[in-house]
$ cat target27.cif   # mmCIF, C-alpha atoms and all ligand atoms
data_model
loop_
_atom_site.label_atom_id
_atom_site.label_comp_id
_atom_site.auth_asym_id
_atom_site.auth_seq_id
_atom_site.Cartn_x
_atom_site.Cartn_y
_atom_site.Cartn_z
CA MET A 1 11.45 15.13 -32.23
CA ARG A 2 11.41 18.57 -33.76
CA PHE A 3 12.98 21.52 -31.95
CA SER A 4 11.94 25.04 -32.94
CA ILE A 5 14.48 27.45 -31.55
CA ILE A 6 13.53 31.06 -31.12
CA SER A 7 16.77 32.99 -30.84
CA ILE A 8 18.40 36.16 -32.10
CA PHE A 9 21.64 34.14 -32.42
CA PRO A 10 20.83 31.06 -34.51
CA GLU A 11 24.50 30.80 -35.50
CA PHE A 12 25.23 29.89 -31.85
CA PHE A 13 23.90 26.39 -32.58
CA GLU A 14 25.87 25.68 -35.76
CA SER A 15 28.84 23.84 -34.34
CA PRO A 16 27.16 21.92 -31.48
CA LEU A 17 24.46 20.57 -33.77
CA SER A 18 26.91 19.55 -36.48
CA CYS A 19 28.97 17.01 -34.52
CA GLY A 20 28.63 13.86 -32.43
CA LEU A 21 25.43 12.01 -31.76
CA LEU A 22 23.23 15.07 -32.36
CA SER A 23 24.34 15.42 -35.97
CA LYS A 24 23.97 11.64 -36.50
CA ALA A 25 20.44 11.84 -35.11
CA VAL A 26 19.66 14.66 -37.53
CA ASP A 27 21.05 12.54 -40.43
CA LYS A 28 18.93 9.58 -39.31
CA GLY A 29 15.86 11.84 -39.20
CA LEU A 30 15.30 11.25 -35.47
CA ILE A 31 15.51 14.92 -34.59
CA SER A 32 15.22 18.10 -36.61
CA PHE A 33 15.66 21.79 -35.97
CA GLN A 34 14.13 24.97 -37.26
CA PHE A 35 15.25 28.43 -36.24
CA ILE A 36 13.01 31.42 -35.79
CA ASN A 37 14.75 34.74 -35.38
CA PRO A 38 12.61 37.30 -33.51
CA ARG A 39 14.38 40.07 -35.44
CA HIS A 40 12.42 38.99 -38.50
CA TYR A 41 9.24 39.78 -36.60
CA SER A 42 10.28 43.21 -35.41
CA THR A 43 8.37 46.08 -36.98
CA ASP A 44 11.18 48.43 -36.01
CA LYS A 45 13.10 49.68 -39.06
CA HIS A 46 16.40 48.54 -37.49
CA HIS A 47 14.89 45.15 -36.54
CA ASN A 48 15.49 45.89 -32.88
CA VAL A 49 14.05 43.41 -30.44
CA ASP A 50 15.02 45.13 -27.16
CA ASP A 51 14.35 48.36 -25.32
CA ARG A 52 15.17 50.07 -22.03
CA PRO A 53 13.57 48.74 -18.84
CA TYR A 54 10.71 50.66 -17.23
CA GLY A 55 11.70 51.71 -13.74
CA GLY A 56 15.31 52.22 -14.78
CA GLY A 57 18.29 50.02 -14.10
CA PRO A 58 21.02 48.53 -16.22
CA GLY A 59 20.64 46.56 -19.45
CA MET A 60 17.89 46.10 -21.97
CA VAL A 61 14.75 43.99 -22.04
CA MET A 62 13.46 41.85 -24.93
CA ALA A 63 10.23 43.41 -26.18
CA VAL A 64 7.05 41.39 -26.14
CA GLU A 65 5.77 42.06 -29.66
CA PRO A 66 8.50 40.45 -31.85
CA LEU A 67 8.60 37.40 -29.57
CA ARG A 68 4.85 37.01 -29.57
CA ARG A 69 4.69 37.28 -33.35
CA ALA A 70 7.52 34.73 -33.65
CA LEU A 71 5.64 32.30 -31.37
CA GLU A 72 2.47 32.73 -33.41
CA THR A 73 4.20 31.01 -36.32
CA LEU A 74 4.23 27.75 -34.32
CA PRO A 75 1.43 25.16 -34.44
CA PRO A 76 -0.95 25.94 -31.53
CA SER A 77 -0.39 22.57 -29.84
CA VAL A 78 3.40 22.85 -29.51
CA ARG A 79 4.84 23.07 -26.01
CA ILE A 80 6.86 26.29 -25.66
CA LEU A 81 9.69 26.31 -23.13
CA MET A 82 11.32 29.58 -22.23
CA LEU A 83 14.86 29.32 -20.88
CA ASN A 84 14.80 31.36 -17.70
CA PRO A 85 16.68 31.22 -14.38
CA LYS A 86 13.31 31.56 -12.63
CA GLY A 87 11.95 28.44 -14.33
CA ARG A 88 11.26 24.85 -13.38
CA PRO A 89 14.62 23.11 -12.94
CA LEU A 90 15.75 20.97 -15.85
CA THR A 91 16.13 17.47 -14.37
CA GLN A 92 16.33 14.00 -15.82
CA LYS A 93 12.67 13.58 -14.91
CA LEU A 94 11.67 16.67 -16.88
CA ALA A 95 13.90 15.57 -19.79
CA ARG A 96 12.06 12.23 -19.83
CA GLU A 97 8.72 14.01 -19.81
CA LEU A 98 9.78 16.28 -22.69
CA ALA A 99 11.19 13.39 -24.73
CA ALA A 100 7.64 12.07 -25.03
CA GLU A 101 6.62 15.17 -27.04
CA GLU A 102 6.81 15.30 -30.82
CA GLU A 103 7.79 18.94 -30.97
CA LEU A 104 9.26 21.46 -28.55
CA ALA A 105 9.82 25.17 -28.98
CA LEU A 106 12.70 26.74 -27.05
CA LEU A 107 12.62 30.47 -26.49
CA CYS A 108 16.05 31.93 -25.72
CA GLY A 109 16.12 35.18 -23.82
CA ARG A 110 18.97 37.70 -23.94
CA TYR A 111 19.86 40.95 -22.17
CA GLU A 112 18.07 41.32 -18.80
CA GLY A 113 15.35 38.94 -19.93
CA VAL A 114 11.96 39.10 -21.57
CA ASP A 115 9.08 41.55 -21.01
CA ALA A 116 6.97 39.87 -18.30
CA ARG A 117 3.77 40.28 -20.32
CA LEU A 118 4.84 37.53 -22.73
CA GLU A 119 4.13 34.91 -20.06
CA GLU A 120 0.66 36.37 -19.52
CA LEU A 121 -0.17 36.39 -23.21
CA CYS A 122 1.40 33.13 -24.43
CA ALA A 123 1.50 29.65 -22.94
CA VAL A 124 5.22 29.54 -22.24
CA GLU A 125 6.79 27.32 -19.56
CA PRO A 126 9.92 28.78 -17.98
CA VAL A 127 12.73 26.23 -17.57
CA SER A 128 16.01 26.82 -15.74
CA VAL A 129 19.22 24.90 -16.31
CA GLY A 130 20.62 25.80 -12.90
CA ASP A 131 20.91 28.38 -10.17
CA PHE A 132 23.28 30.65 -12.05
CA VAL A 133 22.88 33.35 -14.67
CA LEU A 134 23.96 32.87 -18.28
CA ASN A 135 24.29 35.59 -20.94
CA GLY A 136 21.45 34.10 -22.90
CA GLY A 137 19.12 31.14 -23.21
CA GLU A 138 21.05 29.54 -26.09
CA SER A 139 23.53 27.54 -24.00
CA GLY A 140 20.67 26.46 -21.72
CA ALA A 141 18.67 25.41 -24.77
CA LEU A 142 21.61 23.28 -25.90
CA CYS A 143 21.67 21.51 -22.52
CA LEU A 144 17.97 20.82 -22.84
CA ILE A 145 18.31 19.62 -26.44
CA GLU A 146 21.06 17.15 -25.47
CA ALA A 147 19.29 15.89 -22.35
CA VAL A 148 16.02 15.33 -24.23
CA SER A 149 17.44 14.03 -27.53
CA ARG A 150 19.43 11.22 -25.93
CA LEU A 151 16.15 9.86 -24.57
CA VAL A 152 14.56 9.77 -28.03
CA PRO A 153 14.40 6.09 -29.09
CA ASP A 154 17.36 5.00 -31.28
CA PHE A 155 19.30 8.22 -30.54
CA MET A 156 22.01 6.26 -28.79
CA GLY A 157 23.59 3.29 -30.48
CA ARG A 158 23.03 -0.24 -29.25
CA ASP A 159 26.08 0.08 -27.01
CA GLU A 160 24.91 3.13 -25.10
CA SER A 161 22.00 3.23 -22.79
CA ALA A 162 20.35 5.93 -20.75
CA ASP A 163 18.97 3.40 -18.28
CA GLU A 164 22.00 3.18 -16.03
CA GLU A 165 23.19 6.75 -16.23
CA SER A 166 23.34 9.19 -13.36
CA PHE A 167 19.90 10.33 -12.17
CA SER A 168 17.95 7.70 -14.14
CA SER A 169 17.50 5.55 -11.03
CA GLY A 170 17.75 8.46 -8.63
CA LEU A 171 21.45 7.75 -7.99
CA LEU A 172 24.75 8.89 -9.47
CA GLU A 173 26.38 6.48 -11.86
CA TYR A 174 29.14 3.97 -11.01
CA PRO A 175 32.70 4.61 -12.31
CA HIS A 176 33.86 3.45 -15.74
CA TYR A 177 37.23 2.03 -16.85
CA THR A 178 38.78 1.09 -20.18
CA ARG A 179 42.17 -0.20 -21.34
CA PRO A 180 44.96 -0.31 -20.23
CA GLU A 181 44.17 -2.68 -17.39
CA GLU A 182 46.79 -0.95 -15.26
CA TYR A 183 47.82 2.69 -15.49
CA GLU A 184 50.32 4.47 -13.24
CA GLY A 185 49.99 1.61 -10.77
CA LEU A 186 46.20 1.88 -10.73
CA ALA A 187 44.50 -1.37 -11.69
CA VAL A 188 40.98 -1.72 -13.01
CA PRO A 189 38.84 -3.31 -10.25
CA GLU A 190 39.23 -7.08 -10.58
CA VAL A 191 35.48 -7.75 -10.62
CA LEU A 192 35.08 -5.91 -13.92
CA SER A 193 37.33 -8.44 -15.71
CA SER A 194 35.69 -11.43 -14.03
CA GLY A 195 33.01 -11.86 -16.67
CA HIS A 196 30.59 -12.58 -13.81
CA HIS A 197 27.57 -10.43 -14.66
CA GLY A 198 25.91 -10.86 -11.27
CA ARG A 199 28.98 -9.73 -9.34
CA ILE A 200 29.53 -6.83 -11.75
CA ALA A 201 25.94 -5.67 -11.29
CA VAL A 202 26.29 -5.79 -7.47
CA TRP A 203 29.64 -3.93 -7.63
CA ARG A 204 28.16 -1.23 -9.89
CA ARG A 205 25.14 -0.74 -7.67
CA GLU A 206 27.39 -0.43 -4.62
CA LYS A 207 29.65 2.11 -6.34
CA SER A 208 26.59 4.07 -7.39
CA LEU A 209 25.39 4.17 -3.80
CA GLU A 210 28.85 5.16 -2.54
CA ALA A 211 29.18 8.00 -5.08
CA THR A 212 25.72 9.31 -4.25
CA LEU A 213 26.32 9.21 -0.51
CA ALA A 214 29.66 10.99 -0.86
CA LEU A 215 28.78 13.55 -3.51
CA ARG A 216 25.01 14.08 -3.54
CA PRO A 217 23.57 12.71 -0.29
CA ASP A 218 20.47 14.86 -0.91
CA MET A 219 19.54 12.46 -3.75
CA LEU A 220 19.10 9.63 -1.25
CA ASP A 221 16.02 11.42 0.08
CA THR A 222 14.11 10.49 -3.06
CA ALA A 223 16.01 7.48 -4.48
CA LEU A 224 14.24 4.13 -4.39
CA LEU A 225 16.39 1.88 -2.22
CA THR A 226 16.22 -1.84 -1.52
CA ASP A 227 17.02 -3.40 1.86
CA GLN A 228 20.33 -4.51 0.41
CA ASP A 229 21.09 -0.92 -0.72
CA ILE A 230 20.39 0.34 2.78
CA ARG A 231 22.62 -2.34 4.31
CA HIS A 232 25.43 -1.28 2.00
CA LEU A 233 24.93 2.43 2.71
CA ARG A 234 25.11 1.73 6.43
CA SER A 235 28.41 -0.07 6.02
CA ILE A 236 30.07 2.94 4.32
CA GLU A 237 32.24 5.25 6.41
CA ARG A 238 30.88 8.75 5.89
CA VAL A 239 31.69 12.28 6.91
CA ARG A 240 29.51 13.06 9.91
CA PRO A 241 29.15 16.79 10.42
CA GLY A 242 26.74 15.95 13.24
CA ARG A 243 29.72 15.09 15.44
CA ASN A 244 30.57 18.78 15.37
CA LEU A 245 27.10 19.75 16.51
CA TYR A 246 26.33 20.16 20.22
CA VAL A 247 23.06 21.09 21.87
CA ALA A 248 22.59 22.99 25.14
CA LEU A 249 19.30 23.30 26.99
CA VAL A 250 19.46 26.42 29.14
CA HIS A 251 17.45 26.81 32.35
CA TYR A 252 19.06 30.13 33.32
CA PRO A 253 19.04 32.91 32.23
CA VAL A 254 15.68 32.58 30.51
CA GLU A 255 12.63 34.86 30.44
CA ASN A 256 9.13 34.47 31.76
CA LYS A 257 5.93 35.75 30.14
CA ARG A 258 6.60 39.25 31.44
CA GLY A 259 10.14 39.38 30.04
CA GLU A 260 11.74 38.98 33.50
CA THR A 261 14.84 36.85 33.93
CA ILE A 262 14.11 33.60 35.73
CA THR A 263 15.46 30.08 36.32
CA THR A 264 13.25 27.20 35.17
CA SER A 265 13.07 23.66 36.51
CA LEU A 266 14.33 20.80 34.42
CA THR A 267 11.82 18.35 33.01
CA ASN A 268 12.26 14.65 32.54
CA LEU A 269 10.72 14.87 29.05
CA ASP A 270 13.26 17.42 27.82
CA LEU A 271 16.06 15.41 29.35
CA HIS A 272 14.99 12.19 27.62
CA ASP A 273 13.80 13.46 24.29
CA ILE A 274 16.71 15.74 23.48
CA ALA A 275 19.14 13.02 24.65
CA ARG A 276 17.49 10.63 22.21
CA VAL A 277 17.69 13.20 19.39
CA SER A 278 21.32 13.77 20.24
CA ARG A 279 22.12 10.03 20.13
CA THR A 280 19.99 9.37 17.02
CA TYR A 281 21.75 12.07 15.02
CA GLY A 282 25.20 11.26 16.40
CA LEU A 283 25.76 14.72 17.91
CA GLY A 284 28.93 15.69 19.73
CA GLY A 285 27.01 16.17 22.96
CA TYR A 286 23.96 17.42 24.84
CA TYR A 287 24.45 19.82 27.76
CA LEU A 288 21.81 20.45 30.35
CA CYS A 289 22.61 23.84 31.92
CA THR A 290 21.20 24.81 35.30
CA PRO A 291 22.92 26.84 38.01
CA LEU A 292 20.80 25.20 40.74
CA ALA A 293 22.81 22.50 42.52
CA ASP A 294 19.73 20.48 43.55
CA GLN A 295 18.44 20.52 39.95
CA ARG A 296 21.79 19.26 38.74
CA GLU A 297 21.68 16.61 41.44
CA MET A 298 18.20 15.57 40.29
CA ALA A 299 19.36 15.38 36.65
CA ARG A 300 22.26 13.14 37.71
CA THR A 301 19.90 10.90 39.68
CA LEU A 302 17.58 10.53 36.69
CA ILE A 303 20.49 9.87 34.36
CA GLY A 304 22.05 7.44 36.85
CA HIS A 305 18.87 5.36 36.88
CA TRP A 306 19.16 4.83 33.12
CA LYS A 307 22.92 4.70 32.92
CA ASP A 308 23.83 2.46 35.85
CA GLY A 309 20.58 1.55 37.62
CA PHE A 310 17.61 -0.61 36.74
CA GLY A 311 16.90 1.40 33.55
CA ALA A 312 20.25 0.37 32.04
CA THR A 313 19.20 -3.28 31.82
CA ALA A 314 15.50 -2.56 31.20
CA ASN A 315 16.20 -0.30 28.20
CA PRO A 316 19.80 -0.26 26.98
CA ASP A 317 18.92 2.11 24.08
CA ARG A 318 17.68 4.72 26.51
CA SER A 319 20.75 4.15 28.63
CA ASP A 320 22.93 4.75 25.58
CA ALA A 321 21.22 8.10 24.93
CA LEU A 322 21.04 9.36 28.51
CA GLY A 323 24.56 8.22 29.32
CA ARG A 324 25.84 10.95 27.02
CA VAL A 325 24.07 13.91 28.69
CA ARG A 326 26.43 16.36 30.39
CA VAL A 327 25.04 18.34 33.30
CA THR A 328 26.61 21.78 33.74
CA GLY A 329 25.93 25.04 35.55
CA LEU A 330 26.01 28.01 33.17
CA LEU A 331 26.20 27.90 29.39
CA GLU A 332 29.80 29.15 29.60
CA GLU A 333 30.79 25.83 31.22
CA ALA A 334 29.35 23.92 28.25
CA ILE A 335 31.27 26.19 25.88
CA ALA A 336 34.49 25.66 27.86
CA ASP A 337 33.93 21.89 27.91
CA ILE A 338 33.55 21.75 24.12
CA GLU A 339 36.66 23.89 23.75
CA SER A 340 38.67 21.60 25.98
CA ARG A 341 37.46 18.49 24.10
CA THR A 342 37.95 19.81 20.58
CA GLY A 343 40.62 22.48 20.97
CA LEU A 344 38.27 24.99 19.33
CA ARG A 345 35.85 27.44 20.86
CA PRO A 346 32.44 26.51 19.44
CA LYS A 347 30.37 28.88 17.38
CA VAL A 348 27.37 29.59 19.56
CA VAL A 349 24.06 29.62 17.65
CA VAL A 350 21.05 30.68 19.68
CA THR A 351 17.48 29.77 18.83
CA SER A 352 14.23 31.61 19.33
CA ALA A 353 10.65 31.41 18.09
CA LYS A 354 10.65 35.17 17.54
CA ALA A 355 13.87 36.19 15.80
CA GLY A 356 17.01 34.96 14.10
CA ASP A 357 18.53 35.48 10.69
CA MET A 358 20.91 32.55 10.14
CA THR A 359 19.81 29.89 7.69
CA CYS A 360 20.45 26.20 8.25
CA SER A 361 22.89 26.11 5.33
CA GLN A 362 24.98 28.84 6.98
CA VAL A 363 25.15 26.76 10.16
CA VAL A 364 26.06 23.66 8.10
CA GLU A 365 28.96 25.64 6.58
CA TRP A 366 30.20 26.41 10.12
CA LEU A 367 29.85 22.75 11.04
CA GLU A 368 32.37 21.85 8.37
CA ALA A 369 35.06 23.84 10.16
CA PHE A 370 34.03 24.43 13.79
CA PRO A 371 32.15 22.83 16.62
CA VAL A 372 28.74 24.50 16.76
CA LEU A 373 26.71 24.77 19.96
CA LEU A 374 22.98 25.10 19.28
CA VAL A 375 21.45 26.80 22.32
CA LEU A 376 17.82 26.13 23.20
CA GLY A 377 15.91 28.06 25.83
CA THR A 378 13.27 26.98 28.30
CA GLY A 379 10.48 29.16 29.81
CA HIS A 380 9.61 31.93 27.36
CA GLY A 381 12.98 31.85 25.69
CA LEU A 382 16.66 32.59 26.23
CA GLY A 383 17.71 35.59 28.28
CA ARG A 384 18.79 38.72 26.42
CA GLU A 385 22.41 38.39 27.50
CA VAL A 386 22.65 34.90 25.98
CA LEU A 387 21.10 36.13 22.73
CA ALA A 388 23.44 39.13 22.61
CA ALA A 389 26.62 37.12 23.24
CA ALA A 390 25.96 34.52 20.50
CA ASP A 391 27.81 34.21 17.19
CA GLY A 392 24.55 33.74 15.34
CA ALA A 393 20.80 33.26 15.77
CA LEU A 394 19.04 30.57 13.76
CA ARG A 395 15.95 31.66 11.85
CA ALA A 396 12.77 30.66 13.66
CA ILE A 397 11.02 27.46 12.59
CA ARG A 398 7.88 28.40 10.57
CA PHE A 399 9.02 32.01 10.48
CA LEU A 400 6.37 32.80 7.84
CA ASP A 401 3.47 31.95 10.11
CA GLY A 402 2.09 33.74 13.16
CA TYR A 403 1.72 30.64 15.35
CA ASN A 404 4.96 28.75 15.93
CA HIS A 405 4.79 27.79 19.59
CA LEU A 406 6.64 24.48 19.68
CA SER A 407 7.90 22.64 22.71
CA VAL A 408 11.65 22.90 23.05
CA ARG A 409 11.85 19.13 22.43
CA SER A 410 10.03 19.43 19.11
CA ALA A 411 12.08 22.47 18.12
CA ALA A 412 15.31 20.60 18.91
CA SER A 413 14.26 17.66 16.71
CA ILE A 414 13.22 19.84 13.80
CA MET A 415 16.35 21.99 13.90
CA VAL A 416 18.73 19.05 14.18
CA ASP A 417 16.97 17.26 11.35
CA ARG A 418 17.09 20.35 9.14
CA LEU A 419 20.80 20.66 9.79
CA LEU A 420 21.75 17.01 9.36
CA GLY A 421 18.94 15.12 7.62
CA ASP A 422 19.40 11.37 7.25
CA THR A 423 23.01 11.46 6.14
CA GLY A 424 24.69 14.28 8.11
C1 LIG A 501 21.44 37.67 -18.44
S1 LIG A 501 20.11 36.53 -18.41
C2 LIG A 501 18.87 37.45 -17.57
C3 LIG A 501 18.86 37.20 -16.12
C4 LIG A 501 17.76 37.92 -15.36
N1 LIG A 501 18.02 39.33 -15.31
C5 LIG A 501 17.66 37.37 -13.95
O1 LIG A 501 18.38 37.82 -13.05
O2 LIG A 501 16.88 36.42 -13.72
C6 LIG A 501 19.54 36.52 -20.08
C7 LIG A 501 18.82 35.28 -20.51
O3 LIG A 501 19.68 34.14 -20.34
C8 LIG A 501 18.90 32.96 -20.12
N2 LIG A 501 19.36 32.33 -18.86
C9 LIG A 501 20.25 32.87 -18.01
N3 LIG A 501 20.49 32.02 -16.99
C10 LIG A 501 19.73 30.93 -17.19
C11 LIG A 501 19.52 29.72 -16.48
N4 LIG A 501 20.15 29.46 -15.33
N5 LIG A 501 18.65 28.82 -17.01
C12 LIG A 501 18.00 29.07 -18.16
N6 LIG A 501 18.15 30.21 -18.87
C13 LIG A 501 19.00 31.13 -18.41
C14 LIG A 501 17.45 33.39 -20.08
O4 LIG A 501 16.88 33.15 -21.35
C15 LIG A 501 17.56 34.89 -19.78
O5 LIG A 501 16.43 35.58 -20.24
#
$ encode --input "target27.cif" --output "structure tokens"
Amino acid sequence: MRFSIISIFPEFFESPLSCGLLSKAVDKGLISFQFINPRHYSTDKHHNVDDRPYGGGPGMVMAVEPLRRALETLPPSVRILMLNPKGRPLTQKLARELAAEEELALLCGRYEGVDARLEELCAVEPVSVGDFVLNGGESGALCLIEAVSRLVPDFMGRDESADEESFSSGLLEYPHYTRPEEYEGLAVPEVLSSGHHGRIAVWRREKSLEATLALRPDMLDTALLTDQDIRHLRSIERVRPGRNLYVALVHYPVENKRGETITTSLTNLDLHDIARVSRTYGLGGYYLCTPLADQREMARTLIGHWKDGFGATANPDRSDALGRVRVTGLLEEAIADIESRTGLRPKVVVTSAKAGDMTCSQVVEWLEAFPVLLVLGTGHGLGREVLAAADGALRAIRFLDGYNHLSVRSAASIMVDRLLGDTG
């Protein structure tokens, strides 16, 4: 693998490339480097490569001409990657893809970045090493060089292998230990000294699953899992932010088509479906709020059928879900009930198909510290006073499109899933 590095600071790479496995790989002829300094391609008498940005603003911008001339020295077939926070994320998958190339060019930006016309004129692929901003592309290029080089055959000695490392199987890696066998009272797990390869493999897989669930549960969305993996994941105690999440379905005050305040009737479908969502995602509770005594009575009758009546034996799962519904009058009663159960007044997050500026990740941050009551409206949406009194309003589902008329049951499912996913 040959890396051509286009950088105004080639000296940046001296020390990292002269030690460890990278320098051994260079000695073995597995990888090689050439440096191209854009300053050598500047026609400016001071060899400047930057200029002030059009439109004003701080900092300088790398000019297109010296970079383009530098890139023209490369063979036409070489893949040119430009380190750029706006680029495709550098992942193990991308590293694997790049390791199959014979040559890669890495263009390192500096200052405020590179004149945008370079991307229009040259086939450069922007690559980002993370959602943060570095001073220049050189440290990002080093990350890419390491990630790709270690996948080049023979780069790692016989004793090291990329196969079991974090991300290679879509999971984080298991923990490692070396001598002494006991340190500060902490013993190496017994299984690792057993010499039993089968048991060690099972233990390592389980630890991998545990680390991923605890530290990067998002990775489980795409990891390939066996039935045994899933059984083990289920057996692990996990933090459940969903227990802090409550849902309220409000029947008053809500609006009708004309924007007038009305009271709506409860529906059996909303009662059942949101109860099932609430049970499936392990929520703290589901409140059905109606000020009408006969509606509350009807809700209790329906629930009673499933909780204690014939429904309880006919469908115990349904009974489990409906048995947790709490029927209250006004929303304030639901808020007070949560406060009395948890000792904390919940953050009230209202929902609407029309407005709202809170993102799901902001609500998830609240969930880590407070009970959160997600308030859903019936009719044509929550009354203005409920919207005005809330701590936050969740951004509408499909806020980029004109048509987003979902049933409240569908909206509840989508919102809860966006907040908690499979692991929350
Ligand atoms: C100070 S940064 C420019 C940031 C740019 N103004 C922006 O906000 O997107 C200078 C150079 O550092 C490199 N760089 C900074 N952060 C990076 C990241 N997360 N991934 C890859 N390259 C990065 C790029 O080459 C970039 O052109």
$ atom_distance --input "target27.cif" --atom1 "atom CA of Leu283 of chain A" --atom2 "atom CA of Gly242 of chain A"
4.9 Å
$ closest_atom_pairs --input "target27.cif" --of "chain A" --to "ligand LIG 501 (chain A)" --cutoff "7 Å" --atoms "all atoms listed in the file" --output "CSV"
residue,atom,partner,partner_atom,distance
A:Met82,CA,A:LIG501,O4,6.7
A:Leu83,CA,A:LIG501,N6,4.0
A:Asn84,CA,A:LIG501,N6,3.7
A:Pro85,CA,A:LIG501,C11,3.8
A:Lys86,CA,A:LIG501,O2,6.1
A:Cys108,CA,A:LIG501,O4,4.6
A:Gly109,CA,A:LIG501,O4,3.3
A:Arg110,CA,A:LIG501,C6,4.1
A:Tyr111,CA,A:LIG501,C6,4.9
A:Glu112,CA,A:LIG501,N1,4.0
A:Gly113,CA,A:LIG501,O5,3.5
A:Val114,CA,A:LIG501,O5,5.8
A:Val127,CA,A:LIG501,C12,6.0
A:Ser128,CA,A:LIG501,N5,3.5
A:Val129,CA,A:LIG501,N5,4.0
A:Gly130,CA,A:LIG501,N4,4.4
A:Asp131,CA,A:LIG501,N4,5.3
A:Phe132,CA,A:LIG501,N4,4.7
A:Val133,CA,A:LIG501,N3,3.6
A:Leu134,CA,A:LIG501,C9,3.7
A:Asn135,CA,A:LIG501,C1,4.3
A:Gly136,CA,A:LIG501,O3,3.1
A:Gly137,CA,A:LIG501,O4,3.5
A:Gly140,CA,A:LIG501,C12,5.2
$ axis_aligned_box --input "target27.cif" --around "segment 88-100 of chain A" --padding-each-side "3 Å" --output "lines of an AutoDock Vina configuration file"
center_x = 12.0
center_y = 18.5
center_z = -19.0
size_x = 14.7
size_y = 18.8
size_z = 18.1
$ atom_distance --input "target27.cif" --atom1 "atom CA of Glu332 of chain A" --atom2 "atom CA of Gly424 of chain A"
26.6 Å
$ closest_residue --input "target27.cif" --among "A:Thr261, A:Gln92, A:Ser149, A:Thr351" --to "Val247 of chain A" --atoms "all atoms listed in the file"
A:Thr351
$ closest_atom_pairs --input "target27.cif" --of "segment 116-187 of chain A" --to "segment 196-213 of chain A" --cutoff "6 Å" --atoms "all atoms listed in the file" --output "CSV"
residue,atom,partner,partner_atom,distance
A:Leu171,CA,A:Thr212,CA,5.9
A:Leu172,CA,A:Thr212,CA,5.3
A:Glu173,CA,A:Ser208,CA,5.1
A:Tyr174,CA,A:Ser208,CA,4.4
$ atom_distance --input "target27.cif" --atom1 "atom CA of Glu368 of chain A" --atom2 "atom CA of Pro241 of chain A"
6.3 Å
$ residues_around --input "target27.cif" --residues "Asp51 of chain A" --least-positions-apart "3" --cutoff "8 Å" --atoms "all atoms listed in the file" --output "list in words"
Met60, Val61, Met62 and Ala63 of chain A
$ residues_around --input "target27.cif" --residues "Arg240 of chain A" --least-positions-apart "5" --cutoff "12 Å" --atoms "all atoms listed in the file" --output "list in words"
Leu213, Ala214, Pro217, Leu245, Tyr281, Gly282, Leu283, Gly284, Val364, Leu367, Glu368, Leu419, Leu420, Gly421, Asp422, Thr423 and Gly424 of chain A
$ closest_residue --input "target27.cif" --among "A:Leu151, A:Ile36, A:Leu387, A:Val239" --to "Val349 of chain A" --atoms "all atoms listed in the file"
A:Leu387
$ closest_residue --input "target27.cif" --among "A:Leu322, A:Ala275, A:Ala396, A:Ala334" --to "Arg409 of chain A" --atoms "only C-alpha atoms"
A:Ala275
$ closest_residue --input "target27.cif" --among "A:Leu121, A:Leu330, A:Leu271, A:Ile262" --to "Ala293 of chain A" --atoms "all atoms listed in the file"
A:Leu330
$ closest_residue --input "target27.cif" --among "A:Arg398, A:Arg68, A:Lys347, A:His251" --to "Leu331 of chain A" --atoms "only C-alpha atoms"
A:His251
$ build_atoms --input "target27.cif" --residues "segment 259-265 of chain A" --atoms "N, CA, C and O atoms" --output "mmCIF file, in the coordinates of the input"
data_model
loop_
_atom_site.group_PDB
_atom_site.id
_atom_site.type_symbol
_atom_site.label_atom_id
_atom_site.label_comp_id
_atom_site.auth_asym_id
_atom_site.auth_seq_id
_atom_site.Cartn_x
_atom_site.Cartn_y
_atom_site.Cartn_z
ATOM 1 N N GLY A 259 8.819 38.920 30.485
ATOM 2 C CA GLY A 259 10.140 39.380 30.040
ATOM 3 C C GLY A 259 11.136 39.480 31.179
ATOM 4 O O GLY A 259 12.225 40.054 31.012
ATOM 5 N N GLU A 260 10.794 38.948 32.372
ATOM 6 C CA GLU A 260 11.740 38.980 33.500
ATOM 7 C C GLU A 260 12.661 37.772 33.427
ATOM 8 O O GLU A 260 12.264 36.713 32.920
ATOM 9 N N THR A 261 13.869 37.962 33.961
ATOM 10 C CA THR A 261 14.840 36.850 33.930
ATOM 11 C C THR A 261 14.533 35.889 35.085
ATOM 12 O O THR A 261 14.400 36.308 36.238
ATOM 13 N N ILE A 262 14.438 34.619 34.718
ATOM 14 C CA ILE A 262 14.110 33.600 35.730
ATOM 15 C C ILE A 262 14.981 32.354 35.519
ATOM 16 O O ILE A 262 15.707 32.257 34.529
ATOM 17 N N THR A 263 14.857 31.413 36.464
ATOM 18 C CA THR A 263 15.460 30.080 36.320
ATOM 19 C C THR A 263 14.308 29.088 36.241
ATOM 20 O O THR A 263 13.386 29.164 37.069
ATOM 21 N N THR A 264 14.334 28.195 35.284
ATOM 22 C CA THR A 264 13.250 27.200 35.170
ATOM 23 C C THR A 264 13.719 25.870 35.753
ATOM 24 O O THR A 264 14.922 25.631 35.918
ATOM 25 N N SER A 265 12.737 25.008 36.012
ATOM 26 C CA SER A 265 13.070 23.660 36.510
ATOM 27 C C SER A 265 13.275 22.751 35.321
ATOM 28 O O SER A 265 12.666 22.923 34.263
#
